[in-house]
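For reference, the structure discussed in these notes is given below.
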Amino acid sequence: MGDLLDWIISFLFLVTLLIIVIYQLTCLADLEFDRKNPFDSSARINRLILPEFGLQGLLCLYYVLTGHWFMAVFSLPHLFYNIRLYVKREHLADVTEIYNTNKWEQKKRVYKIAHIALSIFITSFWLIHSALGDI
Amino acid sequence: MGTENKGYPNFPARPAPSSSPFASAPPPGIPPQSGGPPTGSDAVGFRPFPPSASQPIRPFTPSGPPPAPTVGGMRPAQPSPFVSQIPGSRPPPPSSNSFPSTAYGPPPPPPGATPFQRFPSPPFPTTQNPPPQGPPQTLAGHFSPPMSLRPQQQPMGPPAQTMTSGLPGANTSPSPADFNMAARPGFQQSMPPVTQSYPGVGGLQPSFPGYPSKQVSQPPPMPFQGPPGPPPVSSYPPQIGGFAQRPNLAAQQNLHPSYAPPTSNVQGLVEDFNSLSLASIPGSMEPGLDHRAFPRPLDGDVEPNSFADMYPMNCHSRYLRLTTSAIPNSQSLASRWHLPLGAVVCPLAETPKGEEVPLIDFGSTGIIRCRRCRTYVNPYVTFTDSGRKWRCNICSMLNDVPGEYFSHLDANGRRMDMDQRPELTKGSVEIIAPTEYMVRPPMPPIYFFLIDVSISATKSGMLEVVAQTIKSCLDNLPGYPRTQIGFITYDSTLHFYNMKSSLSQPQMMIVTDLDDIFLPLPDDLLVNLSESRTVVEAFLDSLPMMFQDNVNVESAFGPALRAAFMVMNQLGGKLLIFQNSLPSLGAGRLKLRGDDPRVYGTDKEYALRVAEDPFYKQMAADCTKFQIGINVYAFSDKYTDIASLGTLAKYTGGQVYYYPGFQSSVHGDKLRHELARDLTRETAWEAVMRIRCGKGIRFSSYHGNFMLRSTDLIALPAVDCDKAYAMQLSLEETLLTTQTVYFQVALLYTASCGERRIRVHTSIAPVVADLGEMYRQADTGSIVSLYARLAIEKSLSAKLDDARNAIQQKIVKALKEYRNLHAVQHRLGSRLIYPETLKFLPLYGMAIIKSTPLQGGPADASLDERCAAGFTMMALPVKKLLKLLYPNLFRVDEWLLKPSADHDDLNNVLKRLPLAAESLDSRGLYIYDDGFRLVLWFGRMLSPDIAKNLLGADFAAELSRVTFQEQGNGMSKKLMSLVKKLRENDPSYHPMCFLVRQGEQPREGFLLLRNLIEDQMGGSSGYVDWILQIQRQIQQN
């Protein structure tokens, strides 16, 4: 039962993370198509970046604490990348250059989404597996 | 021989603008005003300013919808509308117009296979007919050279001949210049009689499906045939019609170009070979080669004016310069053009007297714009349906002509009122914008001063010079009587000044809380100048005295900036910052960095050149949002982190002025002139700029000092004539189906008089399918300008070395491609070949690499100098940039000795010399002028008479201690008038005069020798080595 709970919680983590990143991506896409001004867009994105990083870190920690080593290792690259961005102080969208960096910012997020989606897939597999196994 | 410039007559340099030389005001005789200061720090009593509450201003939004992606297939070119524009007065054009369609139009595949021998058939005669008398000669003259090409072509095999008359209209002589080149000796030998008729064909379209003789794989075949619909031919007439419109040009001049519609021609390649082999440096690769024969831009910037001739209705090149006036028709072709594809725009460039941009008021009609793509009406639109409709030249949309704007068309389909409508005849117009173009009432000109008054400011005399200068400019600030003005001074505290008109003395309020700033009396900090004039003057008079004894060394720059932002964000305006030391208190405080040379050469090197604290970028973004433009004046002799401070100017469309180690006795004049210019030049407020272009291409990146407000909208809180912006374009479609593309720059701004205006510059460029043609139409000036900006940008994210290599690689790639273009037909051997138009490119490339922002390592220029020069170069218009890159050097002693030379045209007397040490003769006196400083170099063996006459009694002293001033003799007066004239040539900066004697190290090296860029200096290579390097890299693999 505990295992199932672990999976459900990590599943929720992942979905939240996914939503946050997708939201950032839509902001960037809006910007590209001139539907928003750069000031608002970057403010919205930047507001969500630290929560996103925090959440991702927590998730990793959670995996470790609950002993899901594989998932922990699997999400390490993401964590490492986030930390690197943060250390280099490149984590926030730069409002003055946002149009020049937009392409790269979007690409970054697409990869993140792919990674999270894969995690969700694995998680839901184990979720179902453990749910069925419990019966 | 390849380097002469026949085809490109010199453009007259920009005449000295009329701005009156600034006369410094006498020092204020007013004693220290005790009235101002004392009202101590009771600021607490004032109501705190609620920062967030007071931001009613919406950021200015772009006028009109963004250019909708233009719909509509390929803007079928319609012959008839174009025809309609032809001025009735001139008979020829119509006939020429009609011929293409009749003769060749219909056959959708190029009537292709007509061998050359057949040209004499209809098209050519017709083409030549139109110009009745004079033109034929000119035509013949221009065209004859191409004939010579012919033979060359034959060897290439018969298919060449298939090139034909598909587009007879395309009598597209690329430009007279090309022909001139072609006509050079060496080339003639091959010329058979064949081609009387050839010329007609000469220009023919590029579009031959597989024209085998081209070495270079011709880009997608048949670009022009592509479109279904109207036969391609038909779109030529527009140009024809277009040119013909130009009212007062002598027929000869006019007609010839008018028959040279824009396309490239197959011939192009052939000509290229020839012009090429002539234009190259023959056998230059042996050591000991004659470097004197290397091309040097000693005539200054030479603009490709063939283009201007071809399209007389284009805006002047001072406003818009394309890197090549031939736009590639396919992505594959564009990718082989390794040079940048783009434009440099200087929307408010100063105009010589008599060429002012006409001001138009559409009144109740409203501004005529295309419904779909929002293009402004311009000379290239066509009227149809007896004048009831007009067709947009950019998106081909058919728009209704408003009733009030209706005019009948004459027999040629040209509007009867054409002559009264500058917007239909001129490439540059200024339109008065109605209220739909405002999101708020037009703002008054606002000048806000943020002045550092810490100890170094008073010590160096900066404060006094600034106060005097501002005071003397009060009368000339634009926008009287609406102009507003305000001041904040700061050291470790902020000082606000209440200048309400009812006061007799300004009231000073001191705020010490730097973390939570509030504005005392927010309404009286920014006052109307005409109402509060006496208070402002009293303030400026007392300002230097007030802080005379200030010993504060701190600088609360960040909080002061925030306070200024809070004062200004209601209206926007221009914020001038005078900073004397490194910001040390409050938000945005900066650290000493950059004094560690070990950082250079590592991956972290670039970080020194970007803002350290995100505070600066954020403030810059906020300021842009609220229409605040920032100019930074920095004075410290120590590290001030210009990289961070300059960020404020960069993203708000401003400028950085840097006076390292400011001393009022030395730099006072320079500061006075430049500050006065900054305050009094015509300024456009709360501006946005957008450049539109035809379907299929798109501007993809922008380079300069500004911030983008949306993907293609440049936000410019305050813009003036000294700012230029560069942009690169990319092809969105694999194949362009049109024959021409149009560019339209629109700058929407508030003039100082309070009128909202739109300045529109329209330009046309041909689409070509031939790489050779692109090279022939290239413009070195704007390419170099773009390269310099790209390199500086690169230095903000990479090592200097990488930025320099990138430039070198780009040049190598471009020249290599050019070589490949010709390598097969010609034995190029070890020659370096380049097109005539790009002969200076390698030299300027080297100049970029040796320019202050990019040169050498940590020892060559201080970090601050580097960054300041970088910010400056990012904004410089093309001509000024070229002058900075390859400065003028000329010898004056002989001219000074000539007795009667007073009235000689200086430009004739003073011949520019190559920038190499061997140009310097120790018996001479030389002036070096890069637009930012003048260096007078006294040769060691210069006759003592001259030195004595010029320098007075202390002529033998060390020159660093001699002040340069007029002596009471003719020679000195003459030299001073020369210096004055040089300064007036370009009033945007005030070059300081430095005197140096040969052998006076290290000053000589620092002031002059290091700037002789053709010489080898330290680790960088000289001109000869550089060329050899490039050549070696081109020949690798």
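In the structure tokens, chains take letters A, B, ... by order of appearance, with residues numbered from 1 within each chain and ligands from 1 in the order shown.
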
Using only C-alpha atoms, find each residue in chain B having at least one atom no more than 9 Å away from chain A; report its shortest atom-to-atom pair and that distance in Å (one decimal), rows by chain then rising number, as CSV.
residue,atom,partner,partner_atom,distance
B:Pro66,CA,A:Asp34,CA,8.1
B:Pro614,CA,A:Asp94,CA,8.8
B:Lys617,CA,A:Thr96,CA,6.7
B:Gln618,CA,A:Val95,CA,7.4
B:Ala620,CA,A:Thr96,CA,7.8
B:Ala621,CA,A:Thr96,CA,6.0
B:Asp622,CA,A:Phe39,CA,8.1
B:Lys625,CA,A:Phe39,CA,7.9
B:Tyr651,CA,A:Thr96,CA,6.8
B:Ser701,CA,A:Asn100,CA,7.4
B:Tyr702,CA,A:Asn100,CA,8.8
B:Phe706,CA,A:Thr96,CA,9.0
B:Met707,CA,A:Thr96,CA,6.1
B:Leu708,CA,A:Tyr99,CA,7.2
B:Arg709,CA,A:Pro38,CA,6.4
B:Ser710,CA,A:Asp34,CA,5.8
B:Thr711,CA,A:Tyr99,CA,6.4
B:Asp712,CA,A:Asp34,CA,8.9

**Nearby residues (only C-alpha atoms) at most 12 Å from Ile45 in chain A, same-chain spacing under 2 positions excluded, as number ranges by chain** = A: 20-31, 38-43, 47-52, 91-95, 98, 105-106, 109

**Message:** So the first atom is CA of Arg388 in chain B and the second is CA of Thr737 in chain B; what is the distance between them in Å, to one decimal place?
**Reply:** 27.5 Å

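Of the residues in range 942-1009 of chain B, those that DSSP places in strand (DSSP E or B) on the basis of the backbone are B:Met992, B:Cys993, B:Phe994, B:Leu995, B:Val996, B:Arg997.
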
Store the residues of this selection in a file with N, CA, C and O atoms, as a short mmCIF file (atom, residue, chain, number, x, y, z; two decimals), in the first residue's frame.
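To be explicit, this is the file written out as part_2.cif:
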data_model
loop_
_atom_site.label_atom_id
_atom_site.label_comp_id
_atom_site.auth_asym_id
_atom_site.auth_seq_id
_atom_site.Cartn_x
_atom_site.Cartn_y
_atom_site.Cartn_z
N MET B 992 38.50 65.31 -29.43
CA MET B 992 39.48 66.06 -28.65
C MET B 992 40.78 66.10 -29.41
O MET B 992 41.12 65.18 -30.13
N CYS B 993 41.52 67.16 -29.20
CA CYS B 993 42.78 67.30 -29.90
C CYS B 993 43.92 66.83 -29.02
O CYS B 993 44.05 67.27 -27.89
N PHE B 994 44.72 65.94 -29.54
CA PHE B 994 45.91 65.51 -28.82
C PHE B 994 47.14 65.89 -29.65
O PHE B 994 47.13 65.75 -30.87
N LEU B 995 48.17 66.37 -28.96
CA LEU B 995 49.40 66.67 -29.66
C LEU B 995 50.43 65.62 -29.26
O LEU B 995 50.54 65.27 -28.09
N VAL B 996 51.15 65.15 -30.22
CA VAL B 996 52.19 64.21 -29.86
C VAL B 996 53.36 64.37 -30.81
O VAL B 996 53.19 64.68 -31.99
N ARG B 997 54.55 64.23 -30.26
CA ARG B 997 55.73 64.35 -31.10
C ARG B 997 56.28 62.97 -31.36
O ARG B 997 56.17 62.07 -30.51
#

**Asked** With only C-alpha atoms as the basis for distance, which of B:Val599, B:Ile432, B:Ser555, B:Ala560 is at the shortest distance from Phe487 in chain B?
**Response**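 Using only C-alpha atoms, Phe487 in chain B sits closest to B:Ala560.
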
Which residues, written as a JSON list (two decimals) with N, CA and C atoms, in the first residue's frame, have at least one atom at most 7 Å from range 811-821 of chain B, with only C-alpha atoms counted and residues fewer than 4 positions away on the same chain left out?
[["chain", "number", "residue", "atom", "x", "y", "z"],
["B", 215, "GLN", "N", 28.87, 27.85, -63.63],
["B", 215, "GLN", "CA", 29.63, 26.88, -62.88],
["B", 215, "GLN", "C", 28.93, 26.60, -61.61],
["B", 216, "VAL", "N", 28.48, 27.63, -61.11],
["B", 216, "VAL", "CA", 27.91, 27.54, -59.82],
["B", 216, "VAL", "C", 26.57, 26.95, -60.02],
["B", 337, "TRP", "N", 25.28, 32.74, -49.84],
["B", 337, "TRP", "CA", 25.73, 34.11, -49.63],
["B", 337, "TRP", "C", 26.18, 34.20, -48.20],
["B", 338, "HIS", "N", 27.45, 34.05, -47.96],
["B", 338, "HIS", "CA", 27.87, 33.92, -46.58],
["B", 338, "HIS", "C", 27.95, 35.25, -45.86],
["B", 339, "LEU", "N", 27.81, 36.31, -46.59],
["B", 339, "LEU", "CA", 27.81, 37.62, -45.94],
["B", 339, "LEU", "C", 26.43, 37.84, -45.32],
["B", 807, "ILE", "N", 34.63, 36.64, -37.17],
["B", 807, "ILE", "CA", 34.64, 37.62, -38.25],
["B", 807, "ILE", "C", 35.54, 37.14, -39.39],
["B", 833, "ILE", "N", 40.73, 36.65, -55.05],
["B", 833, "ILE", "CA", 39.78, 37.38, -55.88],
["B", 833, "ILE", "C", 38.59, 37.81, -55.05],
["B", 834, "TYR", "N", 38.08, 38.92, -55.43],
["B", 834, "TYR", "CA", 36.93, 39.46, -54.70],
["B", 834, "TYR", "C", 36.19, 40.36, -55.65],
["B", 842, "PRO", "N", 38.02, 42.88, -46.68],
["B", 842, "PRO", "CA", 39.07, 42.31, -45.81],
["B", 842, "PRO", "C", 39.71, 43.37, -44.91],
["B", 1030, "ILE", "N", 44.08, 35.24, -44.95],
["B", 1030, "ILE", "CA", 42.77, 34.99, -45.54],
["B", 1030, "ILE", "C", 42.92, 34.13, -46.78],
["B", 1033, "GLN", "N", 43.58, 30.59, -45.95],
["B", 1033, "GLN", "CA", 42.39, 29.86, -45.49],
["B", 1033, "GLN", "C", 41.41, 29.60, -46.61],
["B", 1034, "ILE", "N", 41.36, 30.54, -47.56],
["B", 1034, "ILE", "CA", 40.46, 30.32, -48.68],
["B", 1034, "ILE", "C", 40.93, 29.13, -49.49]]

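Of the listed residues B:Met976, B:Gln1029, B:Phe449, B:Val345, the one whose atoms come nearest to Met689 in chain B is B:Val345, with distances taken using only C-alpha atoms.
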
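Between Ile451 in chain B and the candidates B:Glu773, B:Ala634, B:Gly366, B:Ala334, the tightest atom-to-atom separation, counting only C-alpha atoms, involves B:Ala634.
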